[in-house]
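Here is the structure we will look at.
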Amino acid sequence: MWIFGYGSLTWKVDFPYCQRVVGYIKGYVRRFWQASIDHRGVPGKPGRVVTLVPSEDPEDQVWGIAYKIRDEEQDKVMAHLDHREKDGYLRKSVLFHPLDCSIHPWHLTIYLGADSNPFYTGPTNEDTIAEIIASAVGPSGSNSEYLFQLAEAMRNVGVSDSHLFGIETKVKHILNACDK
């Protein structure tokens with residue numbers, strides 16, 4: 001079994017795996033359209049985390065990390081991830097394309113914050129998202145830490161993501177203005 005990390009699973013892996021592969025899935029975009037009251041925000045002041053949104057362009061790519069889970073650890077890892085992603089995420093199987101094009105694509109599992117869940121916020125102005133992220137804090141830490149760690153993880157694999165990096169720039173501007 002393989003799991004795809006496109007958010008915090010790109011930099012905060014808290015489950016056992018036996019192989020890690022950089023690559024992408026097609027037909028989706030990464031967006032900060034998922035409210036978080038259990039990790040990066042609290043009830044009454046939710047933070048924002050990423051989810052995958054189906055794209056109108058079937059060639060759009062979301063880069064991330066695929067993790068291979070040993071057969072004997074699948075049930076334990078899936079139970080852990082189901083709990084970790086409990087706020088409205090669903091599991092779905094999609095085709096994964098490794099960065100190393102000598103390796104054939106294969107299907108893996110993604111966690112998707114579908115628009116039918118109560119924490120899905122839908123399209124939101126990036127300035128609004130940045131203001132939320134700059135001030136939100138939850139049990140797992142500040143929302144800005146989540147954003148900065150994700151942006152750094154994507155830079156480390158050589159990925160450009162205009163939504164992610166645009167919000168990162170806006171949040172840094174907000175935080176720098178607050179420090180003055």
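So you can find residues: chains in the structure tokens are A, B, ... in the order shown, residues in each start at 1, and ligands are numbered from 1 in order.
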
* Within 6 Å of region 108-117 of chain A, counting only C-alpha atoms, which residues qualify if same-chain residues fewer than 3 places away don't, as a list of chain:residue names? -> A:Trp2, A:Ile3, A:Phe4, A:Thr51, A:Leu52, A:Gly88, A:Tyr89, A:Leu90, A:Arg91, A:Lys92, A:Ser93, A:Val94, A:Tyr120

Print the selection's residues with N, CA, C and O atoms to a file, as a compact mmCIF listing (two decimals), in the first residue's frame.
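This went into selection39.txt:
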```
# COMPACT_ATOMS: atom_id res chain seq x y z
N TRP A 2 0.44 2.26 -0.75
CA TRP A 2 1.14 3.54 -0.84
C TRP A 2 0.18 4.67 -0.44
O TRP A 2 -0.98 4.65 -0.80
N ILE A 3 0.73 5.67 0.27
CA ILE A 3 -0.01 6.86 0.70
C ILE A 3 0.67 8.07 0.07
O ILE A 3 1.90 8.14 0.05
N PHE A 4 -0.12 9.04 -0.38
CA PHE A 4 0.42 10.27 -0.98
C PHE A 4 0.33 11.42 0.01
O PHE A 4 -0.73 11.73 0.53
N THR A 51 -5.98 21.04 0.90
CA THR A 51 -6.71 19.90 0.39
C THR A 51 -6.46 19.86 -1.11
O THR A 51 -5.85 20.77 -1.68
N LEU A 52 -6.89 18.78 -1.73
CA LEU A 52 -6.80 18.66 -3.18
C LEU A 52 -8.16 18.98 -3.77
O LEU A 52 -9.18 18.51 -3.29
N GLY A 88 -13.04 15.69 7.96
CA GLY A 88 -13.66 15.79 6.65
C GLY A 88 -12.89 15.22 5.49
O GLY A 88 -13.27 15.42 4.35
N TYR A 89 -11.81 14.50 5.75
CA TYR A 89 -11.06 13.93 4.65
C TYR A 89 -11.58 12.54 4.28
O TYR A 89 -11.95 11.75 5.14
N LEU A 90 -11.59 12.27 2.99
CA LEU A 90 -11.98 10.97 2.46
C LEU A 90 -10.77 10.33 1.79
O LEU A 90 -9.88 11.02 1.34
N ARG A 91 -10.77 9.02 1.70
CA ARG A 91 -9.71 8.30 0.97
C ARG A 91 -10.13 8.08 -0.47
O ARG A 91 -11.30 7.80 -0.74
N LYS A 92 -9.17 8.20 -1.38
CA LYS A 92 -9.43 7.96 -2.80
C LYS A 92 -8.17 7.39 -3.43
O LYS A 92 -7.06 7.74 -3.03
N SER A 93 -8.34 6.53 -4.42
CA SER A 93 -7.22 5.96 -5.16
C SER A 93 -6.99 6.77 -6.43
O SER A 93 -7.94 7.05 -7.17
N VAL A 94 -5.74 7.18 -6.66
CA VAL A 94 -5.38 7.94 -7.86
C VAL A 94 -4.05 7.41 -8.41
O VAL A 94 -3.31 6.72 -7.71
N TYR A 120 -14.68 22.08 4.60
CA TYR A 120 -14.28 22.57 3.29
C TYR A 120 -14.78 24.01 3.14
O TYR A 120 -15.97 24.28 3.29
```

Q.
Show me, as a count of residues only, the residues that have an atom within 9 Å of region 20-37 of chain A when counting only C-alpha atoms, minus same-chain residues fewer than 3 positions from it.
A. 58

Exercise. Neighbours of Glu131 (chain A) within 10 Å (only C-alpha atoms; same-chain residues fewer than 2 positions away dropped), as JSON, numbers by chain?
Worked result: {"A": [47, 126, 127, 128, 129, 133, 134, 135, 136, 167, 170, 171, 174, 175]}

Which of region 21-125 of chain A counts as strand (DSSP E) under DSSP, as a PyMOL selection string please? chain A and resi 21-26+28-36+47-54+61-68+89-98+106-113

How would you write, as a ChimeraX atom specification, the set of residues in region 12-82 of chain A that DSSP gives as helix (DSSP H, G or I)? /A:71-82

Kindly save the residues from that selection, with all heavy atoms included, as an mmCIF file, in the first residue's frame.
```
data_model
loop_
_atom_site.group_PDB
_atom_site.id
_atom_site.type_symbol
_atom_site.label_atom_id
_atom_site.label_comp_id
_atom_site.auth_asym_id
_atom_site.auth_seq_id
_atom_site.Cartn_x
_atom_site.Cartn_y
_atom_site.Cartn_z
ATOM 1 N N ASP A 71 2.910 -4.378 4.452
ATOM 2 C CA ASP A 71 1.631 -5.082 4.590
ATOM 3 C C ASP A 71 1.227 -5.242 6.052
ATOM 4 O O ASP A 71 0.078 -4.993 6.408
ATOM 5 C CB ASP A 71 1.697 -6.464 3.926
ATOM 6 C CG ASP A 71 1.772 -6.391 2.413
ATOM 7 O OD1 ASP A 71 1.475 -5.310 1.843
ATOM 8 O OD2 ASP A 71 2.139 -7.405 1.789
ATOM 9 N N GLU A 72 2.169 -5.655 6.890
ATOM 10 C CA GLU A 72 1.844 -5.931 8.292
ATOM 11 C C GLU A 72 1.547 -4.659 9.093
ATOM 12 O O GLU A 72 1.040 -4.741 10.216
ATOM 13 C CB GLU A 72 2.959 -6.742 8.967
ATOM 14 C CG GLU A 72 4.294 -6.051 9.043
ATOM 15 C CD GLU A 72 5.189 -6.266 7.803
ATOM 16 O OE1 GLU A 72 4.703 -6.746 6.768
ATOM 17 O OE2 GLU A 72 6.378 -5.934 7.897
ATOM 18 N N GLU A 73 1.841 -3.478 8.544
ATOM 19 C CA GLU A 73 1.597 -2.218 9.254
ATOM 20 C C GLU A 73 0.435 -1.415 8.674
ATOM 21 O O GLU A 73 0.083 -0.358 9.191
ATOM 22 C CB GLU A 73 2.875 -1.374 9.245
ATOM 23 C CG GLU A 73 3.995 -2.027 10.035
ATOM 24 C CD GLU A 73 5.323 -1.314 9.874
ATOM 25 O OE1 GLU A 73 5.584 -0.730 8.800
ATOM 26 O OE2 GLU A 73 6.107 -1.355 10.825
ATOM 27 N N GLN A 74 -0.190 -1.925 7.595
ATOM 28 C CA GLN A 74 -1.233 -1.172 6.909
ATOM 29 C C GLN A 74 -2.409 -0.807 7.807
ATOM 30 O O GLN A 74 -2.834 0.361 7.826
ATOM 31 C CB GLN A 74 -1.741 -1.942 5.686
ATOM 32 C CG GLN A 74 -0.810 -1.900 4.527
ATOM 33 C CD GLN A 74 -1.337 -2.647 3.322
ATOM 34 O OE1 GLN A 74 -2.538 -2.900 3.224
ATOM 35 N NE2 GLN A 74 -0.458 -3.005 2.415
ATOM 36 N N ASP A 75 -2.948 -1.753 8.536
ATOM 37 C CA ASP A 75 -4.123 -1.476 9.367
ATOM 38 C C ASP A 75 -3.811 -0.410 10.420
ATOM 39 O O ASP A 75 -4.594 0.520 10.622
ATOM 40 C CB ASP A 75 -4.631 -2.751 10.049
ATOM 41 C CG ASP A 75 -5.266 -3.723 9.059
ATOM 42 O OD1 ASP A 75 -5.619 -3.292 7.941
ATOM 43 O OD2 ASP A 75 -5.405 -4.910 9.404
ATOM 44 N N LYS A 76 -2.666 -0.538 11.074
ATOM 45 C CA LYS A 76 -2.269 0.412 12.110
ATOM 46 C C LYS A 76 -2.046 1.813 11.507
ATOM 47 O O LYS A 76 -2.514 2.810 12.058
ATOM 48 C CB LYS A 76 -0.999 -0.082 12.796
ATOM 49 C CG LYS A 76 -0.517 0.801 13.919
ATOM 50 C CD LYS A 76 0.740 0.223 14.558
ATOM 51 C CE LYS A 76 1.313 1.164 15.589
ATOM 52 N NZ LYS A 76 2.566 0.678 16.140
ATOM 53 N N VAL A 77 -1.355 1.879 10.379
ATOM 54 C CA VAL A 77 -1.080 3.174 9.744
ATOM 55 C C VAL A 77 -2.374 3.814 9.245
ATOM 56 O O VAL A 77 -2.598 5.019 9.438
ATOM 57 C CB VAL A 77 -0.047 3.031 8.607
ATOM 58 C CG1 VAL A 77 0.040 4.309 7.770
ATOM 59 C CG2 VAL A 77 1.324 2.668 9.177
ATOM 60 N N MET A 78 -3.251 3.037 8.644
ATOM 61 C CA MET A 78 -4.501 3.594 8.133
ATOM 62 C C MET A 78 -5.380 4.097 9.280
ATOM 63 O O MET A 78 -6.007 5.151 9.164
ATOM 64 C CB MET A 78 -5.252 2.579 7.266
ATOM 65 C CG MET A 78 -4.535 2.260 5.959
ATOM 66 S SD MET A 78 -3.999 3.697 5.009
ATOM 67 C CE MET A 78 -5.552 4.384 4.533
ATOM 68 N N ALA A 79 -5.418 3.366 10.387
ATOM 69 C CA ALA A 79 -6.191 3.827 11.545
ATOM 70 C C ALA A 79 -5.607 5.139 12.069
ATOM 71 O O ALA A 79 -6.346 6.071 12.406
ATOM 72 C CB ALA A 79 -6.197 2.760 12.638
ATOM 73 N N HIS A 80 -4.293 5.218 12.120
ATOM 74 C CA HIS A 80 -3.626 6.449 12.570
ATOM 75 C C HIS A 80 -3.952 7.615 11.625
ATOM 76 O O HIS A 80 -4.312 8.707 12.080
ATOM 77 C CB HIS A 80 -2.114 6.223 12.641
ATOM 78 C CG HIS A 80 -1.335 7.468 12.849
ATOM 79 N ND1 HIS A 80 -1.341 8.161 14.041
ATOM 80 C CD2 HIS A 80 -0.548 8.182 12.000
ATOM 81 C CE1 HIS A 80 -0.577 9.237 13.919
ATOM 82 N NE2 HIS A 80 -0.091 9.272 12.698
ATOM 83 N N LEU A 81 -3.832 7.392 10.319
ATOM 84 C CA LEU A 81 -4.095 8.469 9.359
ATOM 85 C C LEU A 81 -5.575 8.840 9.319
ATOM 86 O O LEU A 81 -5.911 10.021 9.162
ATOM 87 C CB LEU A 81 -3.594 8.078 7.965
ATOM 88 C CG LEU A 81 -2.072 8.038 7.831
ATOM 89 C CD1 LEU A 81 -1.677 7.500 6.462
ATOM 90 C CD2 LEU A 81 -1.457 9.406 8.074
ATOM 91 N N ASP A 82 -6.459 7.863 9.458
ATOM 92 C CA ASP A 82 -7.893 8.178 9.507
ATOM 93 C C ASP A 82 -8.197 9.102 10.684
ATOM 94 O O ASP A 82 -9.013 10.019 10.568
ATOM 95 C CB ASP A 82 -8.737 6.902 9.613
ATOM 96 C CG ASP A 82 -8.799 6.131 8.305
ATOM 97 O OD1 ASP A 82 -8.401 6.669 7.249
ATOM 98 O OD2 ASP A 82 -9.257 4.968 8.347
#
```
